[in-house]
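This is input-v8.cif. It holds mmCIF, C-alpha atoms and all ligand atoms.
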data_my_file
loop_
_atom_site.group_PDB
_atom_site.id
_atom_site.type_symbol
_atom_site.label_atom_id
_atom_site.label_comp_id
_atom_site.auth_asym_id
_atom_site.auth_seq_id
_atom_site.Cartn_x
_atom_site.Cartn_y
_atom_site.Cartn_z
ATOM 1 C CA MET A 15 35.946 100.761 56.797
ATOM 2 C CA GLN A 16 34.029 104.035 56.457
ATOM 3 C CA ARG A 17 30.283 103.477 56.148
ATOM 4 C CA ARG A 18 28.108 106.477 55.350
ATOM 5 C CA PRO A 19 25.272 106.702 57.885
ATOM 6 C CA LEU A 20 21.757 106.243 56.572
ATOM 7 C CA ILE A 21 18.552 107.468 58.195
ATOM 8 C CA VAL A 22 15.304 106.232 56.667
ATOM 9 C CA GLY A 23 11.812 107.305 57.685
ATOM 10 C CA ASN A 24 9.259 104.498 57.464
ATOM 11 C CA TRP A 25 5.922 106.275 57.197
ATOM 12 C CA LYS A 26 4.041 102.947 57.302
ATOM 13 C CA MET A 27 0.310 103.275 56.525
ATOM 14 C CA ASN A 28 0.145 106.703 58.140
ATOM 15 C CA LEU A 29 -0.790 110.128 56.799
ATOM 16 C CA SER A 30 -3.425 111.477 54.441
ATOM 17 C CA MET A 31 -2.218 112.633 51.037
ATOM 18 C CA ALA A 32 -2.400 116.225 52.278
ATOM 19 C CA ARG A 33 -0.168 115.457 55.271
ATOM 20 C CA ALA A 34 2.228 113.376 53.205
ATOM 21 C CA ARG A 35 2.578 116.304 50.820
ATOM 22 C CA SER A 36 3.227 118.800 53.568
ATOM 23 C CA LEU A 37 5.752 116.507 55.275
ATOM 24 C CA ALA A 38 7.589 115.990 51.971
ATOM 25 C CA ARG A 39 7.603 119.719 51.255
ATOM 26 C CA GLY A 40 8.771 120.488 54.792
ATOM 27 C CA LEU A 41 11.617 117.998 54.583
ATOM 28 C CA GLY A 42 12.679 119.224 51.144
ATOM 29 C CA ARG A 43 12.754 122.817 52.358
ATOM 30 C CA SER A 44 14.552 122.119 55.619
ATOM 31 C CA LEU A 45 17.163 119.851 54.142
ATOM 32 C CA ALA A 46 17.970 122.308 51.374
ATOM 33 C CA GLY A 47 19.251 124.741 53.984
ATOM 34 C CA GLU A 48 21.362 122.338 56.030
ATOM 35 C CA THR A 49 24.100 119.895 55.269
ATOM 36 C CA PHE A 50 24.133 116.518 56.941
ATOM 37 C CA GLU A 51 26.772 113.843 56.830
ATOM 38 C CA VAL A 52 24.067 111.264 56.395
ATOM 39 C CA GLU A 53 22.164 109.770 53.523
ATOM 40 C CA VAL A 54 18.449 110.394 54.057
ATOM 41 C CA GLY A 55 15.416 108.529 52.793
ATOM 42 C CA VAL A 56 11.694 108.148 53.336
ATOM 43 C CA CYS A 57 9.363 105.245 52.581
ATOM 44 C CA PRO A 58 5.756 106.435 52.101
ATOM 45 C CA THR A 59 2.841 104.117 51.431
ATOM 46 C CA PHE A 60 2.380 103.010 47.792
ATOM 47 C CA VAL A 61 -0.363 105.491 46.942
ATOM 48 C CA HIS A 62 1.793 108.420 48.059
ATOM 49 C CA LEU A 63 5.024 107.317 46.377
ATOM 50 C CA SER A 64 4.758 109.206 43.094
ATOM 51 C CA GLU A 65 3.633 112.416 44.693
ATOM 52 C CA VAL A 66 6.274 112.364 47.430
ATOM 53 C CA ALA A 67 8.996 111.460 44.924
ATOM 54 C CA HIS A 68 7.857 114.336 42.732
ATOM 55 C CA LEU A 69 7.891 116.818 45.627
ATOM 56 C CA LEU A 70 11.359 115.692 46.724
ATOM 57 C CA GLU A 71 12.859 115.777 43.235
ATOM 58 C CA GLY A 72 16.153 117.632 43.295
ATOM 59 C CA SER A 73 16.431 117.346 47.088
ATOM 60 C CA SER A 74 18.844 115.081 48.922
ATOM 61 C CA VAL A 75 16.021 112.898 50.275
ATOM 62 C CA ARG A 76 15.679 109.582 48.490
ATOM 63 C CA VAL A 77 12.393 107.743 48.299
ATOM 64 C CA GLY A 78 11.752 104.037 48.733
ATOM 65 C CA ALA A 79 8.835 101.659 49.152
ATOM 66 C CA GLN A 80 7.774 99.589 52.135
ATOM 67 C CA ASP A 81 7.162 96.348 50.286
ATOM 68 C CA CYS A 82 6.920 94.685 46.894
ATOM 69 C CA VAL A 83 5.653 91.361 45.621
ATOM 70 C CA ALA A 84 8.057 88.675 44.424
ATOM 71 C CA GLN A 85 6.380 88.269 41.028
ATOM 72 C CA SER A 86 7.160 89.960 37.727
ATOM 73 C CA PRO A 87 4.544 92.230 36.131
ATOM 74 C CA GLY A 88 1.379 90.310 35.353
ATOM 75 C CA ALA A 89 -1.750 88.833 36.871
ATOM 76 C CA VAL A 90 -1.247 89.591 40.573
ATOM 77 C CA THR A 91 -4.307 91.532 41.705
ATOM 78 C CA GLY A 92 -3.394 94.085 44.345
ATOM 79 C CA GLY A 93 0.330 93.561 43.876
ATOM 80 C CA VAL A 94 3.060 96.104 43.233
ATOM 81 C CA CYS A 95 6.241 94.656 41.782
ATOM 82 C CA ALA A 96 9.852 95.703 42.051
ATOM 83 C CA SER A 97 10.288 96.783 38.417
ATOM 84 C CA GLN A 98 7.299 99.124 38.774
ATOM 85 C CA LEU A 99 8.917 100.694 41.827
ATOM 86 C CA ARG A 100 12.202 101.052 39.991
ATOM 87 C CA GLU A 101 10.417 102.697 37.089
ATOM 88 C CA LEU A 102 9.020 105.271 39.543
ATOM 89 C CA GLY A 103 12.587 106.104 40.523
ATOM 90 C CA MET A 104 12.506 104.322 43.879
ATOM 91 C CA LYS A 105 15.879 103.636 45.424
ATOM 92 C CA TRP A 106 14.983 101.153 48.131
ATOM 93 C CA VAL A 107 12.405 98.697 49.227
ATOM 94 C CA LEU A 108 11.985 97.397 52.760
ATOM 95 C CA VAL A 109 11.819 93.612 52.958
ATOM 96 C CA GLY A 110 10.790 91.623 56.014
ATOM 97 C CA HIS A 111 9.555 94.403 58.278
ATOM 98 C CA SER A 112 8.124 92.766 61.414
ATOM 99 C CA GLU A 113 4.677 94.155 60.615
ATOM 100 C CA ARG A 114 4.772 92.315 57.269
ATOM 101 C CA ARG A 115 5.955 89.169 59.044
ATOM 102 C CA ALA A 116 3.275 89.417 61.763
ATOM 103 C CA ILE A 117 0.256 90.879 59.953
ATOM 104 C CA PHE A 118 0.737 89.208 56.564
ATOM 105 C CA GLY A 119 2.488 86.039 57.731
ATOM 106 C CA GLU A 120 5.537 86.613 55.528
ATOM 107 C CA GLY A 121 8.264 84.017 56.088
ATOM 108 C CA ASP A 122 11.719 83.124 54.817
ATOM 109 C CA ASP A 123 10.706 81.641 51.453
ATOM 110 C CA LEU A 124 8.613 84.606 50.444
ATOM 111 C CA LEU A 125 11.119 87.142 51.771
ATOM 112 C CA ALA A 126 13.995 85.466 49.927
ATOM 113 C CA ALA A 127 11.924 85.657 46.732
ATOM 114 C CA LYS A 128 11.045 89.316 47.318
ATOM 115 C CA LEU A 129 14.665 90.164 48.026
ATOM 116 C CA GLY A 130 15.801 88.445 44.848
ATOM 117 C CA ALA A 131 13.112 90.166 42.766
ATOM 118 C CA ALA A 132 13.988 93.577 44.199
ATOM 119 C CA VAL A 133 17.726 93.218 43.594
ATOM 120 C CA ASP A 134 17.122 91.892 40.066
ATOM 121 C CA ALA A 135 14.983 94.968 39.351
ATOM 122 C CA GLY A 136 17.823 97.257 40.450
ATOM 123 C CA LEU A 137 16.443 98.247 43.826
ATOM 124 C CA GLU A 138 18.419 98.329 47.021
ATOM 125 C CA VAL A 139 16.937 96.295 49.840
ATOM 126 C CA ILE A 140 16.679 97.161 53.504
ATOM 127 C CA LEU A 141 16.209 93.760 55.084
ATOM 128 C CA CYS A 142 14.596 93.942 58.533
ATOM 129 C CA VAL A 143 15.170 91.370 61.252
ATOM 130 C CA GLY A 144 14.231 91.327 64.912
ATOM 131 C CA GLU A 145 13.107 89.180 67.807
ATOM 132 C CA THR A 146 9.854 89.321 69.758
ATOM 133 C CA GLU A 147 9.815 90.013 73.464
ATOM 134 C CA GLU A 148 9.115 86.353 74.176
ATOM 135 C CA GLN A 149 12.045 85.238 72.038
ATOM 136 C CA ARG A 150 14.337 87.665 73.842
ATOM 137 C CA ARG A 151 13.130 86.412 77.211
ATOM 138 C CA ARG A 152 13.917 82.872 76.152
ATOM 139 C CA GLY A 153 17.446 83.891 75.124
ATOM 140 C CA GLU A 154 16.802 83.280 71.436
ATOM 141 C CA THR A 155 17.582 86.744 70.080
ATOM 142 C CA GLU A 156 20.790 85.803 68.319
ATOM 143 C CA ALA A 157 19.371 82.625 66.794
ATOM 144 C CA VAL A 158 16.251 84.439 65.601
ATOM 145 C CA VAL A 159 17.936 87.383 63.903
ATOM 146 C CA VAL A 160 20.668 85.276 62.306
ATOM 147 C CA GLY A 161 18.021 82.775 61.204
ATOM 148 C CA GLN A 162 15.991 85.561 59.583
ATOM 149 C CA LEU A 163 19.115 86.895 57.881
ATOM 150 C CA ARG A 164 20.139 83.498 56.521
ATOM 151 C CA GLY A 165 16.551 82.733 55.565
ATOM 152 C CA ALA A 166 16.176 85.843 53.436
ATOM 153 C CA LEU A 167 19.652 85.379 51.938
ATOM 154 C CA ARG A 168 19.272 81.686 51.279
ATOM 155 C CA ASP A 169 19.963 82.264 47.609
ATOM 156 C CA GLY A 170 23.319 83.397 48.948
ATOM 157 C CA PRO A 171 26.111 85.254 47.308
ATOM 158 C CA SER A 172 24.256 85.394 43.999
ATOM 159 C CA GLN A 173 22.354 88.284 45.603
ATOM 160 C CA SER A 174 24.534 91.322 45.111
ATOM 161 C CA PRO A 175 25.584 92.317 48.625
ATOM 162 C CA GLN A 176 26.245 95.930 47.685
ATOM 163 C CA ALA A 177 22.491 96.334 47.216
ATOM 164 C CA LEU A 178 21.831 95.256 50.777
ATOM 165 C CA THR A 179 21.353 97.130 54.050
ATOM 166 C CA LEU A 180 20.234 95.426 57.254
ATOM 167 C CA ALA A 181 17.929 96.850 59.882
ATOM 168 C CA TYR A 182 17.823 95.340 63.352
ATOM 169 C CA GLU A 183 14.400 96.093 64.752
ATOM 170 C CA PRO A 184 13.440 94.313 67.959
ATOM 171 C CA VAL A 185 9.690 93.826 67.669
ATOM 172 C CA TRP A 186 9.060 94.863 71.280
ATOM 173 C CA ALA A 187 10.776 98.219 70.668
ATOM 174 C CA ILE A 188 8.737 99.200 67.607
ATOM 175 C CA GLY A 189 6.212 101.924 68.291
ATOM 176 C CA THR A 190 6.370 101.295 72.033
ATOM 177 C CA GLY A 191 8.718 104.010 73.233
ATOM 178 C CA ARG A 192 10.793 101.194 74.810
ATOM 179 C CA ASN A 193 13.941 101.517 72.731
ATOM 180 C CA ALA A 194 16.593 98.813 73.100
ATOM 181 C CA SER A 195 19.617 99.512 75.299
ATOM 182 C CA ALA A 196 22.848 100.513 73.588
ATOM 183 C CA ALA A 197 24.522 97.387 74.984
ATOM 184 C CA ASP A 198 21.866 95.082 73.502
ATOM 185 C CA VAL A 199 22.028 96.837 70.149
ATOM 186 C CA ALA A 200 25.836 96.661 70.079
ATOM 187 C CA GLU A 201 25.718 92.931 70.741
ATOM 188 C CA VAL A 202 23.109 92.115 68.104
ATOM 189 C CA HIS A 203 24.724 94.317 65.445
ATOM 190 C CA ALA A 204 28.099 92.660 65.997
ATOM 191 C CA THR A 205 26.421 89.256 65.716
ATOM 192 C CA LEU A 206 24.738 90.283 62.479
ATOM 193 C CA ARG A 207 27.980 91.585 61.013
ATOM 194 C CA ASN A 208 29.681 88.282 61.785
ATOM 195 C CA ALA A 209 26.815 86.420 60.163
ATOM 196 C CA VAL A 210 27.141 88.576 57.035
ATOM 197 C CA ALA A 211 30.852 87.717 56.907
ATOM 198 C CA GLU A 212 29.916 84.042 56.945
ATOM 199 C CA VAL A 213 27.189 84.358 54.303
ATOM 200 C CA PHE A 214 29.262 86.608 52.038
ATOM 201 C CA ASP A 215 32.811 87.509 53.072
ATOM 202 C CA PRO A 216 34.610 89.772 55.583
ATOM 203 C CA ASP A 217 34.962 92.699 53.152
ATOM 204 C CA THR A 218 31.245 92.694 52.453
ATOM 205 C CA ALA A 219 30.534 92.541 56.177
ATOM 206 C CA ALA A 220 32.837 95.495 56.804
ATOM 207 C CA SER A 221 31.117 97.676 54.208
ATOM 208 C CA LEU A 222 27.482 96.681 54.791
ATOM 209 C CA ARG A 223 25.313 99.128 56.716
ATOM 210 C CA ILE A 224 23.309 97.914 59.691
ATOM 211 C CA LEU A 225 20.579 100.255 60.927
ATOM 212 C CA TYR A 226 18.845 100.137 64.278
ATOM 213 C CA GLY A 227 15.065 100.635 64.425
ATOM 214 C CA GLY A 228 12.631 100.750 67.314
ATOM 215 C CA SER A 229 11.487 103.949 69.044
ATOM 216 C CA VAL A 230 14.395 105.994 67.692
ATOM 217 C CA LYS A 231 13.968 109.675 68.510
ATOM 218 C CA PRO A 232 16.068 112.842 68.665
ATOM 219 C CA SER A 233 16.950 112.137 72.300
ATOM 220 C CA ASN A 234 18.430 108.664 71.731
ATOM 221 C CA ILE A 235 19.913 108.675 68.207
ATOM 222 C CA THR A 236 23.331 109.960 69.293
ATOM 223 C CA GLU A 237 23.792 107.128 71.758
ATOM 224 C CA TYR A 238 23.101 104.568 69.035
ATOM 225 C CA MET A 239 25.333 106.266 66.493
ATOM 226 C CA GLU A 240 28.238 106.035 68.920
ATOM 227 C CA ILE A 241 28.087 102.250 68.639
ATOM 228 C CA GLU A 242 30.673 101.007 66.166
ATOM 229 C CA ASP A 243 28.359 98.634 64.321
ATOM 230 C CA VAL A 244 25.392 101.015 64.072
ATOM 231 C CA ASP A 245 25.288 102.807 60.719
ATOM 232 C CA GLY A 246 22.016 104.669 60.979
ATOM 233 C CA ALA A 247 18.377 104.148 61.815
ATOM 234 C CA LEU A 248 15.016 103.100 60.453
ATOM 235 C CA VAL A 249 12.563 105.486 62.053
ATOM 236 C CA GLY A 250 8.805 105.066 62.309
ATOM 237 C CA GLY A 251 6.806 107.434 64.517
ATOM 238 C CA ALA A 252 9.478 110.118 64.797
ATOM 239 C CA SER A 253 9.718 110.376 60.993
ATOM 240 C CA LEU A 254 6.147 111.677 60.702
ATOM 241 C CA GLU A 255 6.960 115.226 61.806
ATOM 242 C CA VAL A 256 9.573 117.433 60.144
ATOM 243 C CA GLU A 257 11.023 118.633 63.452
ATOM 244 C CA SER A 258 11.503 115.233 65.045
ATOM 245 C CA PHE A 259 12.992 113.747 61.862
ATOM 246 C CA LEU A 260 15.359 116.708 61.558
ATOM 247 C CA GLY A 261 16.230 116.297 65.227
ATOM 248 C CA ILE A 262 17.336 112.751 64.467
ATOM 249 C CA LEU A 263 19.418 113.850 61.473
ATOM 250 C CA ARG A 264 21.095 116.505 63.598
ATOM 251 C CA GLY A 265 21.848 113.966 66.297
ATOM 252 C CA VAL A 266 23.713 111.547 64.037
HETATM 253 P P1 LIG B 1 9.133 103.227 65.461
HETATM 254 O O1 LIG B 1 9.067 102.225 64.200
HETATM 255 O O2 LIG B 1 10.270 104.182 65.228
HETATM 256 O O3 LIG B 1 7.786 103.918 65.473
HETATM 257 O O4 LIG B 1 9.360 102.386 66.670
HETATM 258 C C1 LIG B 1 10.235 101.735 63.596
HETATM 259 C C2 LIG B 1 9.907 100.808 62.454
HETATM 260 O O5 LIG B 1 8.954 100.023 62.568
HETATM 261 O O6 LIG B 1 10.582 100.826 61.403
#

Could you spell out this file's structure in structure tokens?
Amino acid sequence: MQRRPLIVGNWKMNLSMARARSLARGLGRSLAGETFEVEVGVCPTFVHLSEVAHLLEGSSVRVGAQDCVAQSPGAVTGGVCASQLRELGMKWVLVGHSERRAIFGEGDDLLAAKLGAAVDAGLEVILCVGETEEQRRRGETEAVVVGQLRGALRDGPSQSPQALTLAYEPVWAIGTGRNASAADVAEVHATLRNAVAEVFDPDTAASLRILYGGSVKPSNITEYMEIEDVDGALVGGASLEVESFLGILRGV
């Protein structure tokens, strides 16, 4: 099954508006002159979404959000809901990033609700899973990532699987420069694909993209992309500069 690679930059809560603008312009310009075999996206912070989407209009870079609430429009002070993101033209939303799990205490119930709300609103979801260093040391990696997957998909096959992408992001590899070994990534991705086959069906598992995230950079992307079950990357730090992000796209 041919899966088109996907590289998504997760800008997190970085960048001033001025820097977000110049990064968006730089990416738009650079990508216009080159052709890549990959689908490319960026996820800026909420307050930069409209502007970045506007600057990237007509380019091949798609824009998504880093989070949404589970509720429909209404009395949720500080919230941003999925239908509002869709209205802005967003393609994706990240759900379950480890920083949301750790900093905001987001767990399975909430993430399942967010995932359902996002899919219902017509967004695609990049569902992030990953173990902590302690969990890996205790040999729990497989149980943790499959548990997170099943937890977020507990509403099961009613969630349209074609709207779903997975991202395996070991927590200890995020922002640390300690990227996971190719062997570890291959093992976890294969485990996740099997779990998807059980939750949905083998055809869905064969067509679903699974990204790796955690200290991805131009010098290691090629090694990951050679792994059969790796279909792209979710990139944090290295997505904040045009050159390093382009270096990753060229290395796919
Ligand atoms: P990193 O972040 O590339 O800076 O490690 C990845 C992520 O958190 O999505």

Evaluate the PyMOL selection byres (((chain A and resi 230-245) around 10) and not hetatm) against this structure - the residues, as a VMD selection string, please. chain A and resid 16 to 21 52 179 to 182 187 to 189 191 to 197 199 to 207 220 222 to 229 246 to 253 257 to 266

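Within the file as shown, the PyMOL selection byres (((chain A and resi 142-154) around 7) and not hetatm) identifies Val109, Gly110, His111, Ile140, Leu141, Thr155, Glu156, Ala157, Val158, Val159, Gln162, Leu163, Leu180, Ala181, Tyr182, Glu183, Pro184, Val185 and Trp186 of chain A.
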
Find the axis-aligned box for ligand LIG 1 (chain B), covering all its listed atoms and adding 5 Å on each side, and write its centre and edge lengths in Å to one decimal as lines of an AutoDock Vina configuration file.
center_x = 9.2
center_y = 102.1
center_z = 64.0
size_x = 12.8
size_y = 14.2
size_z = 15.3

What's the 9 Å shell around Ser74 (chain A), counting all atoms listed in the file, without same-chain residues fewer than 6 positions away, as a ChimeraX atom specification? /A:42,45-46,53-55

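A straight line drawn from CA of Gly78 (chain A) to CA of Glu48 (chain A) is 21.9 Å long.
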
Exercise: region 173-178 of chain A partners within 7 Å, all atoms listed in the file, chain neighbours under 5 positions left out, as a PyMOL selection string: chain A and resi 130+133+138-140+218

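When all atoms listed in the file are used to compute distances to Leu129 (chain A), the closest of the residues A:Ala84, A:Glu113, A:Val94, A:Gly161 turns out to be A:Ala84.
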
Nearest to ligand LIG 1 (chain B), restricted to only C-alpha atoms and all ligand atoms and choosing among A:Leu108, A:Leu125, A:Leu102, A:Val66, comes out as A:Leu108

Show which residues sit within 9 Å of Leu137 (chain A), as a count of residues only. Count only C-alpha atoms, and ignore same-chain residues fewer than 3 positions away. 14

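Among A:Gln98, A:Ser112, A:Ser73, A:Ser36, the residue with the shortest atom-to-atom distance to ligand LIG 1 (chain B), counting all atoms listed in the file, is A:Ser112.
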
Decode the PyMOL selection byres (((chain A and resi 166) around 6) and not hetatm) for the given file into explicit residues and return them as number ranges by chain. A: 122, 125-126, 163-165, 167-168

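With all atoms listed in the file as the basis for measurement, A:Leu254 is the residue among A:Val90, A:Ala32, A:Leu124, A:Leu254 that approaches ligand LIG 1 (chain B) most closely.
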
Figure out the distance between CA of Val75 (chain A) and CA of Val22 (chain A), please, to one decimal in Å. 9.3 Å

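Minimum atom-to-atom distance to Lys26 (chain A), evaluated using all atoms listed in the file, belongs to A:Thr59 out of A:Thr59, A:Thr91, A:Ser221, A:Ser44.
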
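Using only C-alpha atoms and all ligand atoms, the shortest contact distance between ligand LIG 1 (chain B) and any of A:Ala67, A:Leu37, A:Met31, A:Cys57 is found at A:Cys57.
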
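Taking CA of His68 (chain A) as the reference point, CA of Gly93 (chain A) is found at 22.1 Å.
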
Shell around Arg33 (chain A) at 12 Å using all atoms listed in the file, local window under 5 positions removed, as JSON, numbers by chain: {"A": [25, 28, 38, 39, 40, 58, 62, 65, 66, 254, 255, 256]}
